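Please read the structure below before turning to the comments.
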Amino acid sequence: MTATTLKRPAIGVFDSGVGGLTVLRELLRQVPQADYLYFGDTARLPYGSKSAETVAKYAISAADFLVKQGAEHLVIACNTATALAFERIASAVKIPALGVIEPGAETAAAASKSKQAVVIATEGTCASHAYKRALAAKGVEAREKACPLFVPLVEEGWTEHEVTERVAHIYLDGVFSGDFSGADALVLGCTHYPLLKPLLRRVVPAHVAIVDSAEATAKAMAERLDLSSASSGQPLVKFFATDSVDKFRKAGEKFLGCKIENVTHVELES
């Protein structure tokens with residue numbers, strides 16, 4: 001096969017905002033043989049306060065946009081959209097779809113010897129019990145803990161701030177106790193939370209494995225693709241946002257860990 005016939009898969013990554021860039025960061029690290037289209041629905045966030053019907057409508061419109069831009073695979077890098085509307089999104093698009101919950105649950109089940117895990121997430125994701133169901137299907141009992149202050153603290157850039165560490169202790173000090181004193185896995189059920197991993201490592205018991213759903217999702221995508229014939233070289237990444245591209249770029253660089261260029265503003269039906 002000549003170099004001119006080599007094909008790089010195009011992966012569309014969707015989130016309600018910039019948090020999903022932690023998933024894209026892991027995809028770029030684990031699957032550099034692909035090209036990427038990232039869509040941040042920043043004009044219509046937050047999704048957590050909206051109904052499942054509305055979340056599905058917004059997510060499907062975003063997925064359709066990515067398909068029209070050439071996406072051949074879809075990663076729903078939004079815990080809320082995955083929790084509330086994954087099946088509807090997956091059935092609406094004509095390309096393979098992957099959410100963040102199933103890979104995170106799979107990794108946690110493999111990591112847990114006690115078959116008990118703690119899931120931290122937003123209020124909406126916890127209320128859906130999507131992680132709890134996914135873990136139960138793998139024989140793991142889950143305790144869910146909503147940590148709503150983590151998102152604004154991360155967006156403020158306070159990932160190592162003493163206030164954030166104090167908040168983490170308030171949320172988590174009592175979680176690994178009682179019937180869950182033997183829990184040995186902590187699932188990060190929000191795309192903002194990977195930026196808190198070093199801090200959380202200091203807060204939770206030493207025997208607890210921290211499971212990053214972003215890493216797990218990228219690994220699942222790598223296993224799903226046949227990359228044997230993909231061409232090498234640096235991934236091409238295009239960014240789309242439904243609100244200010246400058247705000248997206250500024251906020252997003254914290255999550256992606258590098259400079260963001262070529263952000264295109266798009267308007268979808270509200």
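Chain lettering (A, B, ...) mirrors the order of the structure tokens, residue numbering begins at 1 for each chain separately, and ligand numbering begins at 1 in order of display.
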* DSSP alpha helix (DSSP H) residues within range 114-265 of chain A, listed as a PyMOL selection string -> chain A and resi 123-128+130-136+150-155+162-172+197-203+213-224+245-256
With a cut-off of 10 Å, could you pull out the residues of range 163-268 of chain A touching range 58-74 of chain A and give me the nearest pair of atoms for each, distance in Å to one decimal, using only C-alpha atoms, ordered by chain and ascending number, as a Markdown table?
```
| residue | atom | partner | partner_atom | distance |
| --- | --- | --- | --- | --- |
| A:Met221 | CA | A:His73 | CA | 9.2 |
| A:Leu225 | CA | A:His73 | CA | 9.4 |
| A:Lys238 | CA | A:Gln69 | CA | 9.9 |
| A:Phe240 | CA | A:Leu66 | CA | 9.3 |
| A:Thr242 | CA | A:Ala62 | CA | 9.8 |
| A:Val266 | CA | A:Phe65 | CA | 9.5 |
| A:Leu268 | CA | A:Ser61 | CA | 7.3 |
```
* Selection: 8 Å around Leu196 in chain A, only C-alpha atoms, excl. self and same-chain fewer than 2 positions, as a VMD selection string -> chain A and resid 154 159 to 160 192 to 194 198 to 200
Can you spit out the residues from that selection as a tab-separated table (two decimals), in the first residue's frame, using N, CA and C atoms?
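The resulting file, out28.tsv, is shown below:
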```
chain	number	residue	atom	x	y	z
A	154	VAL	N	-12.33	24.36	38.90
A	154	VAL	CA	-11.42	24.01	37.80
A	154	VAL	C	-11.41	25.11	36.74
A	159	THR	N	-6.85	24.43	40.41
A	159	THR	CA	-6.69	22.98	40.48
A	159	THR	C	-5.76	22.55	41.61
A	160	GLU	N	-4.95	23.46	42.13
A	160	GLU	CA	-4.05	23.14	43.24
A	160	GLU	C	-4.24	24.11	44.40
A	192	HIS	N	-14.26	17.62	33.73
A	192	HIS	CA	-13.41	18.62	34.39
A	192	HIS	C	-12.47	17.98	35.42
A	193	TYR	N	-12.87	16.86	35.97
A	193	TYR	CA	-12.18	16.31	37.13
A	193	TYR	C	-10.76	15.78	36.87
A	194	PRO	N	-10.40	15.36	35.65
A	194	PRO	CA	-9.01	14.92	35.46
A	194	PRO	C	-7.97	15.97	35.83
A	198	PRO	N	-4.00	15.17	40.63
A	198	PRO	CA	-2.94	15.25	41.65
A	198	PRO	C	-3.47	15.63	43.02
A	199	LEU	N	-4.44	16.56	43.06
A	199	LEU	CA	-5.03	16.96	44.32
A	199	LEU	C	-5.84	15.83	44.94
A	200	LEU	N	-6.64	15.15	44.13
A	200	LEU	CA	-7.46	14.05	44.63
A	200	LEU	C	-6.60	12.90	45.14
```
Enumerate, in order of chain and increasing residue number, the residues of range 183-253 of chain A with an atom no farther than 10 Å from range 119-143 of chain A, each with its shortest atom pair and distance in Å to one decimal, counting only C-alpha atoms, as a tab-separated table.
```
residue	atom	partner	partner_atom	distance
A:Ala183	CA	A:Ala142	CA	8.7
A:Ala185	CA	A:Val119	CA	8.4
A:Leu186	CA	A:Val119	CA	5.8
A:Val187	CA	A:Val119	CA	4.7
A:Leu188	CA	A:Ile120	CA	5.6
A:Gly189	CA	A:Ala121	CA	4.6
A:Cys190	CA	A:Ala121	CA	5.2
A:Thr191	CA	A:Ala121	CA	8.9
A:His192	CA	A:Ala121	CA	9.4
A:Tyr193	CA	A:Ala121	CA	8.3
A:Val211	CA	A:Val119	CA	9.4
```
Dump as a compact mmCIF listing (two decimals), in the first residue's frame, selection limited to C-alpha atoms:
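out.txt, freshly written:
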```txt
# COMPACT_ATOMS: atom_id res chain seq x y z
CA ALA A 183 -13.91 0.68 48.19
CA ALA A 185 -11.66 2.72 42.99
CA LEU A 186 -12.63 6.36 42.48
CA VAL A 187 -14.28 7.10 39.14
CA LEU A 188 -13.93 10.64 37.81
CA GLY A 189 -17.37 11.00 36.26
CA CYS A 190 -16.96 14.53 34.92
CA THR A 191 -14.62 15.76 32.19
CA HIS A 192 -13.41 18.62 34.39
CA TYR A 193 -12.18 16.31 37.13
CA VAL A 211 -10.07 5.99 37.26
```
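Nearest to Ala110 in chain A of all the residues A:Thr42, A:Asn79, A:Asp184, A:Asp243 is A:Asp184, based on only C-alpha atoms.
With only C-alpha atoms as the basis for measurement, A:Leu98 is the residue among A:Leu45, A:Leu98, A:Leu84, A:Val175 that approaches Ala222 in chain A most closely.
Rounded to one decimal, CA of Phe86 in chain A and CA of Lys197 in chain A lie 26.2 Å from each other.
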May I have a table of the residues of range 202-244 of chain A lying at most 12 Å from range 250-260 of chain A, giving each one's closest pair of atoms and their distance in Å to one decimal, counting only C-alpha atoms, ordered by chain and ascending residue number, as a tab-separated table?
```
residue	atom	partner	partner_atom	distance
A:Ala214	CA	A:Phe255	CA	11.6
A:Leu236	CA	A:Ile260	CA	11.9
A:Val237	CA	A:Ile260	CA	9.2
A:Lys238	CA	A:Ile260	CA	9.2
A:Phe239	CA	A:Ile260	CA	8.2
A:Phe240	CA	A:Ile260	CA	11.1
A:Ala241	CA	A:Gly252	CA	10.7
A:Ser244	CA	A:Lys250	CA	10.1
```
* Minimum-distance residue to Pro32 in chain A, chosen among A:Val204, A:Leu153, A:Ala83, A:Ala218 (using only C-alpha atoms) -> A:Ala218
* Asked: With only C-alpha atoms as the basis for distance, which of A:Pro46, A:Glu223, A:Ala209, A:Thr82 is at the shortest distance from Thr107 in chain A?
  ->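 For Thr107 in chain A, the nearest of the candidates is A:Ala209.
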Quick one: pick out all strand (DSSP E) residues within range 50-81 of chain A from a backbone DSSP run and write them as a short mmCIF file (atom, residue, chain, number, x, y, z; two decimals) with C-alpha atoms, in the first residue's frame.
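That gives us selection-v2.cif:
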```cif
data_model
loop_
_atom_site.label_atom_id
_atom_site.label_comp_id
_atom_site.auth_asym_id
_atom_site.auth_seq_id
_atom_site.Cartn_x
_atom_site.Cartn_y
_atom_site.Cartn_z
CA HIS A 73 -16.66 8.04 14.49
CA LEU A 74 -18.34 9.94 17.32
CA VAL A 75 -17.12 10.33 20.90
CA ILE A 76 -19.72 11.79 23.24
#
```
* To do: Grab the CA of Ala230 in chain A to CA of Val31 in chain A distance for me, in Å with one decimal place.
  => 10.5 Å
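Distance check against Glu269 in chain A using only C-alpha atoms: of A:Lys50, A:Arg44, A:Lys219, A:His169, the minimum falls on A:Arg44.
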Can you pull out the residues contacting Tyr38 in chain A? Cut-off 6 Å, using only C-alpha atoms, and skip same-chain residues under 3 positions away; I want them as a CSV table (one decimal) with N, CA and C atoms, in the first residue's frame.
```csv
chain,number,residue,atom,x,y,z
A,12,GLY,N,-15.1,12.6,15.5
A,12,GLY,CA,-15.7,13.8,16.0
A,12,GLY,C,-15.9,13.6,17.5
A,13,VAL,N,-15.6,14.7,18.2
A,13,VAL,CA,-15.7,14.7,19.7
A,13,VAL,C,-16.7,15.8,20.1
A,14,PHE,N,-17.7,15.5,20.8
A,14,PHE,CA,-18.7,16.4,21.2
A,14,PHE,C,-18.8,16.6,22.7
A,239,PHE,N,-11.6,22.9,15.5
A,239,PHE,CA,-12.5,23.2,16.7
A,239,PHE,C,-13.7,24.0,16.2
```
* Using CA of Ala10 in chain A and CA of Ser229 in chain A as the two end points, give the distance in Å to one decimal. =>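 CA of Ser229 in chain A lies 13.7 Å from CA of Ala10 in chain A.
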